[in-house]
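Chemist: One structure follows; several queries about it will come next.
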Amino acid sequence: MLQFTKDFEFIGDYSGPYAILSHTWEKDEKAGYDKIRQFCRLAAVDGFSHGWVDTCCIDKASSAELSEAINSMFRWYKHVTRCYVYLADVPDCQGAEINDVHVKWQKLSPVDHPFFRSRWFSRGWTLQELIAPFDLHFYSSTWTAVAAKKDIVYPLSRITGIGYHVLKNGDLSYVPVSERMRWASLRSTTRIEDTAYSLLGTFEVNLPLLYGEG
């Protein structure tokens, strides 16, 4: 994994504690400096000295680095100490409120809550980012803490179709290929190749990348 600090870079898997930002790319992702700054601020408050963000930690001009990053990403999210999920399209809400939606399932579907309508739940790349990390925390558009994954596993399972135990422990060893494909079928990517590439970690395979093949 390529990790950047003030003066150093790490090549290979970093063995110390680190944080990762999970997010959806906007139209002008280069203008998302504040998103990175807020992530670093939170991670520093939580005691982390190392963090990873795809927008600035992957050199897309290097095909070798891009291929390594995409093939390694599930492992990086799996081994992360804490994953911060930024939901740019979700207003402030509380985990108890989200859990209440599950309790009242017969009267109110989770899709009626802005948290579950977030674009983050429909993107291909965020499938592995939801499953792999054990310690994952959701934040609203104002960087207000919403909930930890471990506290809202039931409603997350209902809205994503991913089994409770998979979300709880990230273990895919007993999950049939057809089930993993079903999860992916509910999501989309901007580039058609990423429909496959975003699933490499979920299917535990390693492939060379060839963008432009369709």
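Here's how to read the names in the structure tokens: chain A, B, ... by the order shown, residue numbers from 1 in each chain, ligand numbers from 1 in the order shown.
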Report as an mmCIF file with C-alpha atoms, in the first residue's frame all protein, DNA and RNA residues lying within 9 Å of A:Leu200, evaluated on only C-alpha atoms, omitting residues in the same chain fewer than 3 positions from it.
Modeler:
```
data_model
loop_
_atom_site.group_PDB
_atom_site.id
_atom_site.type_symbol
_atom_site.label_atom_id
_atom_site.label_comp_id
_atom_site.auth_asym_id
_atom_site.auth_seq_id
_atom_site.Cartn_x
_atom_site.Cartn_y
_atom_site.Cartn_z
ATOM 1 C CA ILE A 70 -7.087 -1.936 -7.240
ATOM 2 C CA ASN A 71 -5.939 -5.511 -6.704
ATOM 3 C CA SER A 72 -4.921 -4.755 -3.112
ATOM 4 C CA MET A 73 -7.756 -2.493 -2.063
ATOM 5 C CA PHE A 74 -10.002 -5.086 -0.419
ATOM 6 C CA ALA A 196 -15.607 -6.036 -12.810
ATOM 7 C CA TYR A 197 -12.553 -4.427 -11.233
ATOM 8 C CA PHE A 203 -14.229 -12.563 -5.353
ATOM 9 C CA GLU A 204 -10.678 -12.985 -4.044
ATOM 10 C CA VAL A 205 -9.033 -12.854 -7.468
ATOM 11 C CA ASN A 206 -6.144 -10.851 -8.895
ATOM 12 C CA LEU A 207 -6.235 -9.590 -12.475
#
```
Chemist: Have a look at atom CA of A:Thr195 and atom CA of A:Gly212 and let me know their distance in Å, one decimal.
Modeler: 13.0 Å
Chemist: Find the distance between atom CA of A:Tyr33 and atom CA of A:Thr202 and write it in Å to one decimal.
Modeler: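 Value for the atom CA of A:Tyr33-atom CA of A:Thr202 distance: 29.3 Å.
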Chemist: Identify all residues of stretch 36-204 of chain A in alpha helix (DSSP H) (DSSP on the backbone) and supply them as a VMD selection string.
Modeler: chain A and resid 36 to 45 54 to 57 63 to 79 95 to 103 125 to 131 153 to 160 164 to 169 177 to 185 194 to 197
Chemist: Those residues you just picked out, can you put them in a file as a tab-separated table (two decimals), in the first residue's frame with C-alpha atoms?
Modeler:
```
chain	number	residue	atom	x	y	z
A	36	ILE	CA	-9.59	15.16	2.77
A	37	ARG	CA	-8.79	17.86	5.32
A	38	GLN	CA	-11.80	16.91	7.46
A	39	PHE	CA	-10.90	13.22	7.27
A	40	CYS	CA	-7.35	13.96	8.39
A	41	ARG	CA	-8.64	16.11	11.22
A	42	LEU	CA	-10.92	13.36	12.52
A	43	ALA	CA	-8.27	10.68	12.13
A	44	ALA	CA	-5.73	12.80	14.00
A	45	VAL	CA	-8.20	13.43	16.83
A	54	ASP	CA	-7.82	7.07	-3.04
A	55	THR	CA	-8.03	10.51	-4.67
A	56	CYS	CA	-4.54	11.50	-3.55
A	57	CYS	CA	-2.79	8.21	-2.72
A	63	SER	CA	-0.66	1.83	-14.74
A	64	ALA	CA	1.47	-0.39	-12.47
A	65	GLU	CA	0.51	1.55	-9.34
A	66	LEU	CA	-3.16	1.69	-10.34
A	67	SER	CA	-3.22	-2.07	-10.94
A	68	GLU	CA	-1.52	-2.78	-7.62
A	69	ALA	CA	-3.91	-0.48	-5.74
A	70	ILE	CA	-7.09	-1.94	-7.24
A	71	ASN	CA	-5.94	-5.51	-6.70
A	72	SER	CA	-4.92	-4.76	-3.11
A	73	MET	CA	-7.76	-2.49	-2.06
A	74	PHE	CA	-10.00	-5.09	-0.42
A	75	ARG	CA	-7.07	-6.22	1.71
A	76	TRP	CA	-6.28	-2.64	2.70
A	77	TYR	CA	-9.88	-2.06	3.79
A	78	LYS	CA	-9.91	-5.43	5.56
A	79	HIS	CA	-6.83	-4.60	7.62
A	95	GLY	CA	-27.79	6.00	14.58
A	96	ALA	CA	-30.68	5.51	17.01
A	97	GLU	CA	-32.96	7.14	14.47
A	98	ILE	CA	-31.72	4.79	11.75
A	99	ASN	CA	-32.20	1.76	13.98
A	100	ASP	CA	-35.72	2.99	14.73
A	101	VAL	CA	-36.46	2.70	11.01
A	102	HIS	CA	-35.64	-1.00	11.27
A	103	VAL	CA	-37.82	-1.44	14.35
A	125	TRP	CA	-16.58	0.40	-5.36
A	126	THR	CA	-18.25	0.97	-2.01
A	127	LEU	CA	-19.49	-2.63	-1.83
A	128	GLN	CA	-16.08	-3.88	-0.70
A	129	GLU	CA	-15.66	-0.77	1.44
A	130	LEU	CA	-18.81	-1.68	3.37
A	131	ILE	CA	-17.98	-5.37	3.79
A	153	VAL	CA	-26.02	-4.04	11.02
A	154	TYR	CA	-29.68	-5.14	10.80
A	155	PRO	CA	-30.96	-2.13	8.83
A	156	LEU	CA	-27.82	-2.18	6.68
A	157	SER	CA	-28.49	-5.82	5.87
A	158	ARG	CA	-32.09	-5.09	4.92
A	159	ILE	CA	-31.27	-2.18	2.63
A	160	THR	CA	-28.23	-3.75	0.92
A	164	TYR	CA	-26.02	-9.97	8.68
A	165	HIS	CA	-23.01	-12.16	9.44
A	166	VAL	CA	-21.11	-10.92	6.37
A	167	LEU	CA	-21.54	-7.32	7.49
A	168	LYS	CA	-20.68	-8.28	11.05
A	169	ASN	CA	-17.39	-10.06	10.41
A	177	VAL	CA	-20.55	-16.67	-5.99
A	178	SER	CA	-24.17	-16.15	-7.04
A	179	GLU	CA	-24.86	-14.26	-3.82
A	180	ARG	CA	-21.88	-11.96	-4.31
A	181	MET	CA	-23.02	-11.31	-7.88
A	182	ARG	CA	-26.47	-10.41	-6.59
A	183	TRP	CA	-25.01	-7.74	-4.32
A	184	ALA	CA	-23.04	-6.29	-7.25
A	185	SER	CA	-26.07	-6.28	-9.54
A	194	ASP	CA	-14.92	-0.97	-13.01
A	195	THR	CA	-18.05	-3.12	-12.79
A	196	ALA	CA	-15.61	-6.04	-12.81
A	197	TYR	CA	-12.55	-4.43	-11.23
```
Chemist: Please, what distance in Å, to one decimal, runs between atom CA of A:Phe115 and atom CA of A:Pro91?
Modeler: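 Going from atom CA of A:Phe115 over to atom CA of A:Pro91 covers 7.9 Å.
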Chemist: Tell me, which residues of chain A carry DSSP strand (DSSP E or B), written as a list in words?
Modeler: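 Here are the strand (DSSP E or B) residues of chain A: Gln3, Phe4, Glu9, Phe10, Ala19, Ile20, Leu21, Ser22, Gly51, Trp52, Arg82, Cys83, Tyr84, Val85, Tyr86, Arg123, Leu136, His137, Phe138, Tyr139, Ala145, Val146, Ala147, Ala148 and Ser188 of chain A.
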Chemist: Name the residues in contact with A:Val85 at a cut-off of 7 Å, using only C-alpha atoms, excluding same-chain residues fewer than 4 positions from it; report them as number ranges by chain.
Modeler: A: 21-23, 137-139
Chemist: Could you give me, as a VMD selection string, the residues within 8 Å of A:Ile20, counting only C-alpha atoms and dropping anything in the same chain fewer than 2 positions from it?
Modeler: chain A and resid 18 22 51 to 53 77 80 82 to 84
Chemist: Can you write out the residues you just picked, keeping C-alpha atoms, as a compact mmCIF listing (two decimals), in the first residue's frame?
Modeler:
```
# COMPACT_ATOMS: atom_id res chain seq x y z
CA TYR A 18 -4.03 3.53 9.86
CA SER A 22 -14.51 5.86 1.96
CA GLY A 51 -4.34 7.79 6.56
CA TRP A 52 -5.19 6.71 3.02
CA VAL A 53 -7.49 8.40 0.49
CA TYR A 77 -9.88 -2.06 3.79
CA VAL A 80 -7.66 -0.95 8.29
CA ARG A 82 -10.80 2.44 11.21
CA CYS A 83 -12.72 3.36 8.07
CA TYR A 84 -14.46 6.74 7.88
```
